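Have a look at structure-v9.pdb; it's PDB, C-alpha atoms:
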```pdb
MODEL        1
ATOM      1  CA  LEU Z   1     -24.615 -41.359   4.572
ATOM      2  CA  PHE Z   2     -21.577 -39.067   4.822
ATOM      3  CA  GLY Z   3     -20.257 -41.250   7.657
ATOM      4  CA  THR Z   4     -20.484 -38.602  10.409
ATOM      5  CA  PRO Z   5     -23.341 -39.608  12.747
ATOM      6  CA  LEU Z   6     -25.576 -36.806  13.992
ATOM      7  CA  GLU Z   7     -25.355 -36.568  17.796
ATOM      8  CA  LYS Z   8     -27.501 -33.497  18.401
ATOM      9  CA  ILE Z   9     -29.227 -30.721  16.468
ATOM     10  CA  ASN Z  10     -31.065 -27.546  17.581
ATOM     11  CA  GLU Z  11     -31.509 -23.934  16.434
ATOM     12  CA  LYS Z  12     -27.967 -22.972  17.504
ATOM     13  CA  GLU Z  13     -25.722 -25.947  16.807
ATOM     14  CA  ILE Z  14     -25.229 -29.272  15.095
ATOM     15  CA  GLU Z  15     -23.112 -31.864  16.892
ATOM     16  CA  ILE Z  16     -21.596 -34.651  14.799
ATOM     17  CA  GLU Z  17     -19.108 -37.445  15.345
ATOM     18  CA  VAL Z  18     -16.018 -37.654  13.124
ATOM     19  CA  PHE Z  19     -14.209 -40.989  13.072
ATOM     20  CA  PRO Z  20     -10.385 -41.288  13.281
ATOM     21  CA  ASN Z  21     -10.064 -42.475   9.665
ATOM     22  CA  ARG Z  22     -11.154 -38.984   8.458
ATOM     23  CA  PRO Z  23      -9.004 -36.465  10.381
ATOM     24  CA  ASP Z  24      -9.458 -34.066   7.434
ATOM     25  CA  LEU Z  25     -13.072 -33.568   8.565
ATOM     26  CA  ILE Z  26     -12.165 -32.446  12.112
ATOM     27  CA  SER Z  27     -12.112 -28.724  11.273
ATOM     28  CA  LEU Z  28     -15.214 -26.823  10.144
ATOM     29  CA  GLN Z  29     -13.397 -25.876   6.922
ATOM     30  CA  GLY Z  30     -12.471 -29.501   6.174
ATOM     31  CA  PHE Z  31     -15.976 -30.743   6.951
ATOM     32  CA  VAL Z  32     -17.656 -28.124   4.741
ATOM     33  CA  SER Z  33     -15.250 -28.883   1.877
ATOM     34  CA  GLY Z  34     -15.860 -32.646   2.157
ATOM     35  CA  PHE Z  35     -19.619 -32.241   2.520
ATOM     36  CA  LYS Z  36     -19.835 -30.015  -0.584
ATOM     37  CA  ALA Z  37     -18.131 -32.789  -2.556
ATOM     38  CA  PHE Z  38     -20.544 -35.361  -1.071
ATOM     39  CA  LEU Z  39     -23.527 -33.222  -2.125
ATOM     40  CA  GLY Z  40     -22.089 -32.893  -5.650
ATOM     41  CA  LYS Z  41     -21.572 -29.127  -5.351
ATOM     42  CA  GLU Z  42     -17.761 -29.258  -5.741
ATOM     43  CA  LYS Z  43     -16.807 -32.469  -7.517
ATOM     44  CA  GLY Z  44     -13.346 -33.986  -7.931
ATOM     45  CA  MET Z  45     -10.058 -33.534  -6.124
ATOM     46  CA  LYS Z  46      -9.633 -29.940  -4.998
ATOM     47  CA  LYS Z  47      -6.522 -28.149  -6.282
ATOM     48  CA  TYR Z  48      -4.443 -25.835  -4.077
ATOM     49  CA  THR Z  49      -1.735 -23.535  -5.437
ATOM     50  CA  LEU Z  50       1.657 -23.939  -3.739
ATOM     51  CA  LYS Z  51       4.218 -21.131  -3.916
ATOM     52  CA  LYS Z  52       7.846 -22.228  -4.278
ATOM     53  CA  PRO Z  53      10.168 -21.520  -1.320
ATOM     54  CA  GLU Z  54      11.332 -17.926  -1.046
ATOM     55  CA  LYS Z  55      14.797 -16.910   0.205
ATOM     56  CA  ASP Z  56      15.538 -18.434   3.659
ATOM     57  CA  TYR Z  57      12.325 -20.523   3.630
ATOM     58  CA  GLU Z  58      14.467 -23.374   4.899
ATOM     59  CA  ILE Z  59      14.626 -25.833   7.803
ATOM     60  CA  LYS Z  60      18.030 -27.237   8.702
ATOM     61  CA  ILE Z  61      17.590 -30.591  10.461
ATOM     62  CA  SER Z  62      20.461 -31.527  12.746
ATOM     63  CA  PRO Z  63      21.661 -35.157  13.162
ATOM     64  CA  MET Z  64      21.189 -34.535  16.924
ATOM     65  CA  VAL Z  65      17.445 -35.263  16.625
ATOM     66  CA  LYS Z  66      17.941 -38.595  14.845
ATOM     67  CA  GLU Z  67      17.392 -40.798  17.921
ATOM     68  CA  ILE Z  68      14.728 -38.548  19.516
ATOM     69  CA  ARG Z  69      12.199 -37.107  17.014
ATOM     70  CA  PRO Z  70      14.002 -37.480  13.681
ATOM     71  CA  TYR Z  71      11.598 -35.887  11.181
ATOM     72  CA  THR Z  72       9.789 -32.649  10.536
ATOM     73  CA  SER Z  73       7.336 -31.353   7.931
ATOM     74  CA  CYS Z  74       6.954 -27.579   7.533
ATOM     75  CA  ALA Z  75       5.173 -24.841   5.597
ATOM     76  CA  ILE Z  76       4.350 -21.150   5.641
ATOM     77  CA  VAL Z  77       0.818 -19.859   5.042
ATOM     78  CA  LYS Z  78       0.333 -16.165   4.237
ATOM     79  CA  ASN Z  79      -2.409 -13.529   4.059
ATOM     80  CA  ILE Z  80      -4.830 -15.012   6.609
ATOM     81  CA  GLN Z  81      -7.457 -12.729   8.146
ATOM     82  CA  PHE Z  82      -7.621 -14.163  11.677
ATOM     83  CA  ASP Z  83     -10.454 -13.510  14.109
ATOM     84  CA  ASP Z  84     -11.340 -15.112  17.451
ATOM     85  CA  GLU Z  85     -13.397 -17.854  15.787
ATOM     86  CA  LYS Z  86     -10.635 -18.838  13.347
ATOM     87  CA  ILE Z  87      -7.988 -18.890  16.086
ATOM     88  CA  LYS Z  88     -10.236 -21.059  18.264
ATOM     89  CA  SER Z  89     -10.868 -23.379  15.311
ATOM     90  CA  ILE Z  90      -7.125 -23.799  14.586
ATOM     91  CA  ILE Z  91      -6.284 -24.470  18.266
ATOM     92  CA  GLU Z  92      -9.056 -27.086  18.480
ATOM     93  CA  LEU Z  93      -7.907 -28.706  15.217
ATOM     94  CA  GLN Z  94      -4.318 -28.805  16.496
ATOM     95  CA  GLU Z  95      -5.318 -30.512  19.746
ATOM     96  CA  LYS Z  96      -7.616 -33.038  18.025
ATOM     97  CA  LEU Z  97      -4.854 -33.943  15.554
ATOM     98  CA  HIS Z  98      -2.466 -34.329  18.500
ATOM     99  CA  SER Z  99      -4.761 -36.786  20.260
ATOM    100  CA  THR Z 100      -5.808 -38.799  17.180
ATOM    101  CA  ILE Z 101      -3.396 -39.078  14.253
ATOM    102  CA  GLY Z 102      -0.583 -37.818  16.541
ATOM    103  CA  ARG Z 103      -1.139 -40.533  19.191
ATOM    104  CA  ASN Z 104      -1.146 -37.983  22.028
ATOM    105  CA  ARG Z 105       1.884 -36.181  20.533
ATOM    106  CA  LYS Z 106       4.071 -39.309  20.486
ATOM    107  CA  LYS Z 107       3.830 -39.710  16.699
ATOM    108  CA  VAL Z 108       3.193 -36.061  15.754
ATOM    109  CA  ALA Z 109       3.501 -32.726  17.569
ATOM    110  CA  ILE Z 110       2.416 -29.464  15.920
ATOM    111  CA  GLY Z 111       3.676 -25.907  16.332
ATOM    112  CA  ILE Z 112       2.121 -22.805  14.719
ATOM    113  CA  TYR Z 113       3.932 -19.445  14.957
ATOM    114  CA  PRO Z 114       3.394 -15.828  13.804
ATOM    115  CA  LEU Z 115       5.967 -15.400  11.012
ATOM    116  CA  ASN Z 116       6.601 -11.745  11.922
ATOM    117  CA  LYS Z 117       7.991 -12.801  15.331
ATOM    118  CA  ILE Z 118      10.686 -15.136  13.952
ATOM    119  CA  LYS Z 119      13.691 -14.814  11.642
ATOM    120  CA  LEU Z 120      14.257 -17.439   8.953
ATOM    121  CA  PRO Z 121      15.893 -19.885   8.278
ATOM    122  CA  ILE Z 122      14.931 -22.320  11.076
ATOM    123  CA  THR Z 123      17.077 -25.000  12.716
ATOM    124  CA  TYR Z 124      15.621 -28.192  14.187
ATOM    125  CA  THR Z 125      18.141 -29.637  16.641
ATOM    126  CA  ALA Z 126      18.521 -31.096  20.151
ATOM    127  CA  LEU Z 127      20.206 -29.548  23.199
ATOM    128  CA  PRO Z 128      21.017 -30.660  26.766
ATOM    129  CA  PRO Z 129      18.076 -29.726  29.047
ATOM    130  CA  GLU Z 130      20.179 -27.243  31.033
ATOM    131  CA  LYS Z 131      20.905 -25.281  27.817
ATOM    132  CA  ILE Z 132      17.193 -24.868  27.034
ATOM    133  CA  LYS Z 133      15.655 -21.773  28.658
ATOM    134  CA  PHE Z 134      12.587 -19.843  27.484
ATOM    135  CA  ILE Z 135       9.207 -18.512  28.617
ATOM    136  CA  PRO Z 136       6.673 -21.244  27.753
ATOM    137  CA  LEU Z 137       3.182 -20.445  26.422
ATOM    138  CA  GLU Z 138       0.728 -19.291  29.130
ATOM    139  CA  TYR Z 139       3.629 -18.495  31.497
ATOM    140  CA  ASN Z 140       5.269 -15.206  32.532
ATOM    141  CA  GLN Z 141       8.744 -16.344  33.568
ATOM    142  CA  GLU Z 142      11.678 -18.112  31.958
ATOM    143  CA  LEU Z 143      12.053 -21.798  32.806
ATOM    144  CA  THR Z 144      14.662 -24.422  32.002
ATOM    145  CA  ALA Z 145      13.588 -27.563  30.132
ATOM    146  CA  ALA Z 146      13.678 -29.559  33.399
ATOM    147  CA  GLN Z 147      11.482 -26.957  35.126
ATOM    148  CA  ILE Z 148       8.988 -27.011  32.242
ATOM    149  CA  LEU Z 149       8.590 -30.796  32.633
ATOM    150  CA  LYS Z 150       7.987 -30.392  36.385
ATOM    151  CA  LYS Z 151       5.951 -27.154  36.597
ATOM    152  CA  HIS Z 152       4.126 -26.431  33.332
ATOM    153  CA  PRO Z 153       0.778 -28.271  32.844
ATOM    154  CA  ALA Z 154       1.779 -29.432  29.331
ATOM    155  CA  GLY Z 155       5.228 -30.359  30.621
ATOM    156  CA  LYS Z 156       3.814 -32.588  33.332
ATOM    157  CA  LEU Z 157       1.352 -34.171  30.912
ATOM    158  CA  TYR Z 158       3.903 -35.057  28.217
ATOM    159  CA  ALA Z 159       7.152 -35.348  30.211
ATOM    160  CA  HIS Z 160       7.207 -39.119  29.616
ATOM    161  CA  LEU Z 161       7.877 -38.502  25.898
ATOM    162  CA  LEU Z 162      11.280 -36.886  26.640
ATOM    163  CA  GLU Z 163      12.452 -38.085  30.050
ATOM    164  CA  GLN Z 164      14.482 -41.014  28.674
ATOM    165  CA  PHE Z 165      16.679 -38.732  26.517
ATOM    166  CA  ASP Z 166      19.755 -36.731  27.558
ATOM    167  CA  LYS Z 167      18.976 -34.075  24.918
ATOM    168  CA  PHE Z 168      15.621 -32.485  24.070
ATOM    169  CA  PRO Z 169      14.502 -31.303  20.601
ATOM    170  CA  VAL Z 170      14.090 -27.572  19.890
ATOM    171  CA  PHE Z 171      13.235 -25.328  16.962
ATOM    172  CA  LEU Z 172      15.516 -22.267  16.763
ATOM    173  CA  ASP Z 173      15.215 -19.262  14.476
ATOM    174  CA  ALA Z 174      18.150 -17.544  12.739
ATOM    175  CA  GLU Z 175      18.794 -15.457  15.874
ATOM    176  CA  ASN Z 176      18.882 -18.604  18.056
ATOM    177  CA  LYS Z 177      15.555 -17.765  19.697
ATOM    178  CA  ILE Z 178      13.809 -20.918  20.916
ATOM    179  CA  LEU Z 179      10.461 -21.271  19.133
ATOM    180  CA  SER Z 180       9.422 -24.462  20.900
ATOM    181  CA  MET Z 181      10.489 -27.644  22.645
ATOM    182  CA  PRO Z 182       8.443 -30.330  20.855
ATOM    183  CA  PRO Z 183       6.362 -32.245  21.732
ATOM    184  CA  ILE Z 184       5.803 -30.180  24.891
ATOM    185  CA  ILE Z 185       5.220 -26.449  24.392
ATOM    186  CA  ASN Z 186       5.760 -23.334  22.251
ATOM    187  CA  SER Z 187       7.509 -20.196  23.443
ATOM    188  CA  GLU Z 188       5.278 -17.387  24.727
ATOM    189  CA  GLY Z 189       7.325 -14.856  22.718
ATOM    190  CA  THR Z 190       7.141 -16.576  19.322
ATOM    191  CA  GLY Z 191       4.366 -19.156  19.549
ATOM    192  CA  ARG Z 192       1.110 -17.242  20.050
ATOM    193  CA  VAL Z 193      -1.152 -16.563  17.049
ATOM    194  CA  GLU Z 194      -3.257 -13.408  17.492
ATOM    195  CA  LYS Z 195      -5.869 -11.484  15.504
ATOM    196  CA  THR Z 196      -3.115  -9.219  14.121
ATOM    197  CA  THR Z 197      -1.187 -12.251  12.765
ATOM    198  CA  LYS Z 198      -1.258 -12.450   8.952
ATOM    199  CA  ASP Z 199       1.383 -15.079   8.115
ATOM    200  CA  VAL Z 200       2.232 -18.270  10.020
ATOM    201  CA  PHE Z 201       5.057 -20.805  10.100
ATOM    202  CA  ILE Z 202       3.854 -24.378  10.778
ATOM    203  CA  GLU Z 203       6.009 -27.321  11.854
ATOM    204  CA  CYS Z 204       5.055 -30.907  12.540
ATOM    205  CA  SER Z 205       7.730 -33.030  14.230
ATOM    206  CA  GLY Z 206       7.756 -36.715  15.061
ATOM    207  CA  THR Z 207       8.695 -40.244  14.094
ATOM    208  CA  HIS Z 208       6.737 -41.044  10.903
ATOM    209  CA  PRO Z 209       7.321 -38.837   7.797
ATOM    210  CA  ASP Z 210       4.090 -39.914   6.046
ATOM    211  CA  THR Z 211       1.983 -39.070   9.095
ATOM    212  CA  LEU Z 212       3.751 -35.709   9.440
ATOM    213  CA  ASN Z 213       3.027 -34.882   5.791
ATOM    214  CA  LYS Z 214      -0.653 -35.839   6.131
ATOM    215  CA  THR Z 215      -0.984 -33.753   9.295
ATOM    216  CA  LEU Z 216       0.684 -30.759   7.655
ATOM    217  CA  ASN Z 217      -1.602 -31.119   4.605
ATOM    218  CA  ILE Z 218      -4.710 -31.011   6.824
ATOM    219  CA  LEU Z 219      -3.421 -27.858   8.565
ATOM    220  CA  VAL Z 220      -2.399 -25.928   5.433
ATOM    221  CA  VAL Z 221      -5.607 -26.827   3.579
ATOM    222  CA  THR Z 222      -7.660 -25.617   6.560
ATOM    223  CA  LEU Z 223      -5.779 -22.303   6.525
ATOM    224  CA  ALA Z 224      -6.130 -22.099   2.722
ATOM    225  CA  GLU Z 225      -9.911 -22.493   3.146
ATOM    226  CA  MET Z 226      -9.676 -19.480   5.498
ATOM    227  CA  GLY Z 227      -8.141 -17.522   2.607
ATOM    228  CA  GLY Z 228      -4.436 -18.220   3.185
ATOM    229  CA  LYS Z 229      -1.765 -18.754   0.509
ATOM    230  CA  ILE Z 230       0.383 -21.897   0.962
ATOM    231  CA  CYS Z 231       4.176 -21.539   0.613
ATOM    232  CA  GLN Z 232       6.591 -24.471   0.453
ATOM    233  CA  MET Z 233       9.815 -24.767   2.470
ATOM    234  CA  GLU Z 234      13.117 -26.549   1.834
ATOM    235  CA  LEU Z 235      14.001 -29.302   4.324
ATOM    236  CA  ASP Z 236      17.762 -29.839   4.602
ATOM    237  CA  TYR Z 237      18.705 -33.135   6.287
ATOM    238  CA  GLY Z 238      22.307 -32.765   5.143
ATOM    239  CA  ASP Z 239      22.256 -35.910   2.995
ATOM    240  CA  LYS Z 240      18.859 -35.237   1.341
TER     241      LYS Z 240
ENDMDL
END
```

For this file, write the structure as structure tokens.
Amino acid sequence: LFGTPLEKINEKEIEIEVFPNRPDLISLQGFVSGFKAFLGKEKGMKKYTLKKPEKDYEIKISPMVKEIRPYTSCAIVKNIQFDDEKIKSIIELQEKLHSTIGRNRKKVAIGIYPLNKIKLPITYTALPPEKIKFIPLEYNQELTAAQILKKHPAGKLYAHLLEQFDKFPVFLDAENKILSMPPIINSEGTGRVEKTTKDVFIECSGTHPDTLNKTLNILVVTLAEMGGKICQMELDYGDK
């Protein structure tokens, strides 16, 4: 009746199918929240407290990304008590959102970063491939953007999303450290969430603002259900 067919059930696990029209149910936290409402245990729209942006909680969006991946949606979530299970859950949620609502990263790509490893504010811009050099996630050496597209597993898989452009999008922190090259890969130095991580910066980049906002909402609500506090960010497009 809840619209999530039961595939398998035994003493250790329940396997269900979640349809693409309910991406909010993909995570365990989202499913439990929705199912409680269905059972009448927590009725009505759930309210989440949003903290106003603090100093430097800002994303500066450069006109350089306008013809590539023009939009981003961002937030900070604080005071999360991560463990292996929560980290696994967030990574799985991220990948399922990429493949469904994100249309295999074409429409939406997601980056999640430990806040203590980056310096705010953030800039979202585009650079020539030869100017982009960083150590990608799951790698131990610095690569150029062109090398990432040829050598890194994620680079080879999603190269077709960038190959037609002469500049590639990047997120930079206030010290010009590269956080990621969306929609391909995060940096190993700034893009790995660990059990010691307490606060995270989340960005969704892509082509459809509404879809980015919905994706970000699913992510921040999931982290709020893990005990996190949601903080807003200012998005500066220059003209709005």

- prompt: With all atoms listed in the file as the atoms that count, which of Z:Thr49, Z:Thr211, Z:Thr4, Z:Gln164 lies nearest to Val77 (chain Z)?
  reply: Z:Thr49

task: Name the residues that the PyMOL selection byres ((chain Z and resi 84) around 12) pulls out of this structure, and write them as a ChimeraX atom specification.
output: /Z:81-83,85-91,193-197

Dump C-alpha atoms for the selected residues as a CSV table (one decimal), in the frame of the given file?
```
chain,number,residue,atom,x,y,z
Z,81,GLN,CA,-7.5,-12.7,8.1
Z,82,PHE,CA,-7.6,-14.2,11.7
Z,83,ASP,CA,-10.5,-13.5,14.1
Z,85,GLU,CA,-13.4,-17.9,15.8
Z,86,LYS,CA,-10.6,-18.8,13.3
Z,87,ILE,CA,-8.0,-18.9,16.1
Z,88,LYS,CA,-10.2,-21.1,18.3
Z,89,SER,CA,-10.9,-23.4,15.3
Z,90,ILE,CA,-7.1,-23.8,14.6
Z,91,ILE,CA,-6.3,-24.5,18.3
Z,193,VAL,CA,-1.2,-16.6,17.0
Z,194,GLU,CA,-3.3,-13.4,17.5
Z,195,LYS,CA,-5.9,-11.5,15.5
Z,196,THR,CA,-3.1,-9.2,14.1
Z,197,THR,CA,-1.2,-12.3,12.8
```

- prompt: Given the choices Z:Asn104, Z:Thr125, Z:Asn10, Z:Asn79, which gets closest to Glu67 (chain Z) if the distance is worked out from only C-alpha atoms?
  reply: Z:Thr125

task: Pick out the residues sitting within 12 Å of region 12-21 of chain Z, and hand them over as a PyMOL selection string; count all atoms listed in the file, and ignore anything fewer than 2 positions along from it in its own chain.
output: chain Z and resi 2-10+23-28+30-31+96-103

field: Option closest in space to Leu162 (chain Z), from Z:Val221, Z:Cys74, Z:Ile59, Z:Val65 [counting only C-alpha atoms]
entry: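 Among Z:Val221, Z:Cys74, Z:Ile59, Z:Val65, it is Z:Val65 that comes nearest to Leu162 (chain Z).
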
task: Please provide as a PyMOL selection string all residues within 6 Å of Leu120 (chain Z), with the sequence filter that same-chain residues fewer than 3 positions apart are discarded (counting all atoms listed in the file).
output: chain Z and resi 56+173-174

Shortest interatomic distance to Lys55 (chain Z) - which of Z:Gln94, Z:Gln232, Z:Ser205, Z:Thr72, counting only C-alpha atoms: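 Smallest separation from Lys55 (chain Z) among the options: Z:Gln232.
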
message: Taking all atoms listed in the file into account, name the residue in Z:Ser33, Z:Val170, Z:Lys156, Z:Asn140 that is nearest to Met45 (chain Z).
response: Z:Ser33

field: Counting all atoms listed in the file, the option among Z:Lys177, Z:Phe35, Z:Leu93, Z:Lys107 closest to Pro209 (chain Z)
entry: Z:Lys107

field: Atom pair CA of Gly155 (chain Z) / CA of Ile185 (chain Z): separation (Å)
entry: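 We find that CA of Gly155 (chain Z) and CA of Ile185 (chain Z) lie 7.4 Å from each other.
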
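Between CA of Leu50 (chain Z) and CA of Ile112 (chain Z) the separation is 18.5 Å.
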
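Atom pair CA of Ala154 (chain Z) / CA of Pro114 (chain Z) has a distance of 20.7 Å (rounded to one decimal).
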
field: Polymer residues at most 8 Å from Lys119 (chain Z), all atoms listed in the file, same-chain spacing of 2 or more positions, as a count of residues only
entry: 8

field: Selection under test: the PyMOL selection byres ((chain Z and resi 153) around 12); residues as a list in words
entry: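 For this structure, the PyMOL selection byres ((chain Z and resi 153) around 12) captures Pro136, Leu137, Glu138, Tyr139, Gln147, Ile148, Leu149, Lys150, Lys151, His152, Ala154, Gly155, Lys156, Leu157, Tyr158, Ala159, Ile184 and Ile185 of chain Z.
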
Around all of region 27-41 of chain Z's listed atoms, make the axis-aligned box with 5 Å on each side and tell me centre and edge lengths in Å to one decimal, as JSON.
```
{"center_x": -17.8, "center_y": -30.6, "center_z": 2.8, "size_x": 21.4, "size_y": 19.5, "size_z": 26.9}
```

message: Since I can't run it myself right now, could you work out what the PyMOL selection byres ((chain Z and resi 128) around 7) selects here and report it as a VMD selection string?
response: chain Z and resid 127 129 to 132 166 to 168

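The set of protein, DNA and RNA residues with any counted atom at most 9 Å from (1.7, -29.8, 11.3) (all atoms listed in the file) reads Thr72, Ser73, Cys74, Ala75, Gln94, Leu97, Val108, Ala109, Ile110, Gly111, Ile112, Ile202, Glu203, Cys204, Ser205, Leu212, Asn213, Lys214, Thr215, Leu216, Asn217, Ile218, Leu219 and Val220 of chain Z.
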
task: Tell me which protein, DNA and RNA residues are within 7 Å of Ile80 (chain Z), counting only C-alpha atoms, leaving out same-chain ones fewer than 3 positions away, and put them as a list of chain:residue names.
output: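 Close residues of Ile80 (chain Z): Z:Lys198, Z:Asp199, Z:Met226, Z:Gly227, Z:Gly228.
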
message: Set the distance at 9 Å and use all atoms listed in the file: which residues neighbour Gly189 (chain Z) once local chain neighbours fewer than 2 positions away are removed? I'd like the list as a VMD selection string.
response: chain Z and resid 117 134 to 137 179 186 to 187 191 to 192

Take the residues just selected and output them with C-alpha atoms as an mmCIF file, in the coordinates of the input.
```
data_model
loop_
_atom_site.group_PDB
_atom_site.id
_atom_site.type_symbol
_atom_site.label_atom_id
_atom_site.label_comp_id
_atom_site.auth_asym_id
_atom_site.auth_seq_id
_atom_site.Cartn_x
_atom_site.Cartn_y
_atom_site.Cartn_z
ATOM 1 C CA LYS Z 117 7.991 -12.801 15.331
ATOM 2 C CA PHE Z 134 12.587 -19.843 27.484
ATOM 3 C CA ILE Z 135 9.207 -18.512 28.617
ATOM 4 C CA PRO Z 136 6.673 -21.244 27.753
ATOM 5 C CA LEU Z 137 3.182 -20.445 26.422
ATOM 6 C CA LEU Z 179 10.461 -21.271 19.133
ATOM 7 C CA ASN Z 186 5.760 -23.334 22.251
ATOM 8 C CA SER Z 187 7.509 -20.196 23.443
ATOM 9 C CA GLY Z 191 4.366 -19.156 19.549
ATOM 10 C CA ARG Z 192 1.110 -17.242 20.050
#
```

Starting from the incomplete input, reconstruct all heavy atoms of region 61-68 of chain Z and report them as a short mmCIF file (atom, residue, chain, number, x, y, z; two decimals), in the coordinates of the input.
```
data_model
loop_
_atom_site.label_atom_id
_atom_site.label_comp_id
_atom_site.auth_asym_id
_atom_site.auth_seq_id
_atom_site.Cartn_x
_atom_site.Cartn_y
_atom_site.Cartn_z
N ILE Z 61 17.84 -29.53 9.48
CA ILE Z 61 17.59 -30.59 10.46
C ILE Z 61 18.92 -31.17 10.90
O ILE Z 61 19.68 -31.71 10.09
CB ILE Z 61 16.67 -31.70 9.89
CG1 ILE Z 61 15.29 -31.12 9.57
CG2 ILE Z 61 16.51 -32.83 10.90
CD1 ILE Z 61 15.06 -30.80 8.13
N SER Z 62 19.19 -31.05 12.20
CA SER Z 62 20.46 -31.53 12.75
C SER Z 62 20.42 -33.04 12.98
O SER Z 62 19.38 -33.60 13.34
CB SER Z 62 20.73 -30.81 14.07
OG SER Z 62 21.68 -31.49 14.83
N PRO Z 63 21.58 -33.73 12.84
CA PRO Z 63 21.66 -35.16 13.16
C PRO Z 63 21.37 -35.43 14.64
O PRO Z 63 21.08 -36.56 15.02
CB PRO Z 63 23.11 -35.53 12.82
CG PRO Z 63 23.65 -34.41 12.00
CD PRO Z 63 22.85 -33.20 12.33
N MET Z 64 21.42 -34.38 15.47
CA MET Z 64 21.19 -34.53 16.92
C MET Z 64 19.78 -35.05 17.24
O MET Z 64 19.56 -35.64 18.30
CB MET Z 64 21.39 -33.19 17.64
CG MET Z 64 22.73 -32.55 17.38
SD MET Z 64 24.07 -33.41 18.20
CE MET Z 64 23.97 -32.72 19.82
N VAL Z 65 18.82 -34.83 16.34
CA VAL Z 65 17.44 -35.26 16.62
C VAL Z 65 17.16 -36.69 16.16
O VAL Z 65 16.08 -37.22 16.38
CB VAL Z 65 16.39 -34.31 15.98
CG1 VAL Z 65 16.49 -32.92 16.58
CG2 VAL Z 65 16.54 -34.27 14.47
N LYS Z 66 18.16 -37.31 15.52
CA LYS Z 66 17.94 -38.60 14.84
C LYS Z 66 17.38 -39.67 15.75
O LYS Z 66 16.51 -40.46 15.36
CB LYS Z 66 19.26 -39.08 14.22
CG LYS Z 66 19.07 -40.17 13.20
CD LYS Z 66 20.35 -40.44 12.44
CE LYS Z 66 20.11 -41.48 11.36
NZ LYS Z 66 21.34 -41.78 10.60
N GLU Z 67 17.84 -39.75 16.99
CA GLU Z 67 17.39 -40.80 17.92
C GLU Z 67 16.23 -40.34 18.81
O GLU Z 67 15.79 -41.08 19.68
CB GLU Z 67 18.56 -41.26 18.81
CG GLU Z 67 19.79 -41.76 18.05
CD GLU Z 67 19.47 -42.92 17.12
OE1 GLU Z 67 18.67 -43.79 17.50
OE2 GLU Z 67 20.02 -42.93 15.99
N ILE Z 68 15.77 -39.09 18.62
CA ILE Z 68 14.73 -38.55 19.52
C ILE Z 68 13.40 -38.38 18.76
O ILE Z 68 12.46 -39.14 18.94
CB ILE Z 68 15.19 -37.20 20.12
CG1 ILE Z 68 16.60 -37.35 20.72
CG2 ILE Z 68 14.20 -36.73 21.20
CD1 ILE Z 68 17.26 -36.03 21.05
#
```
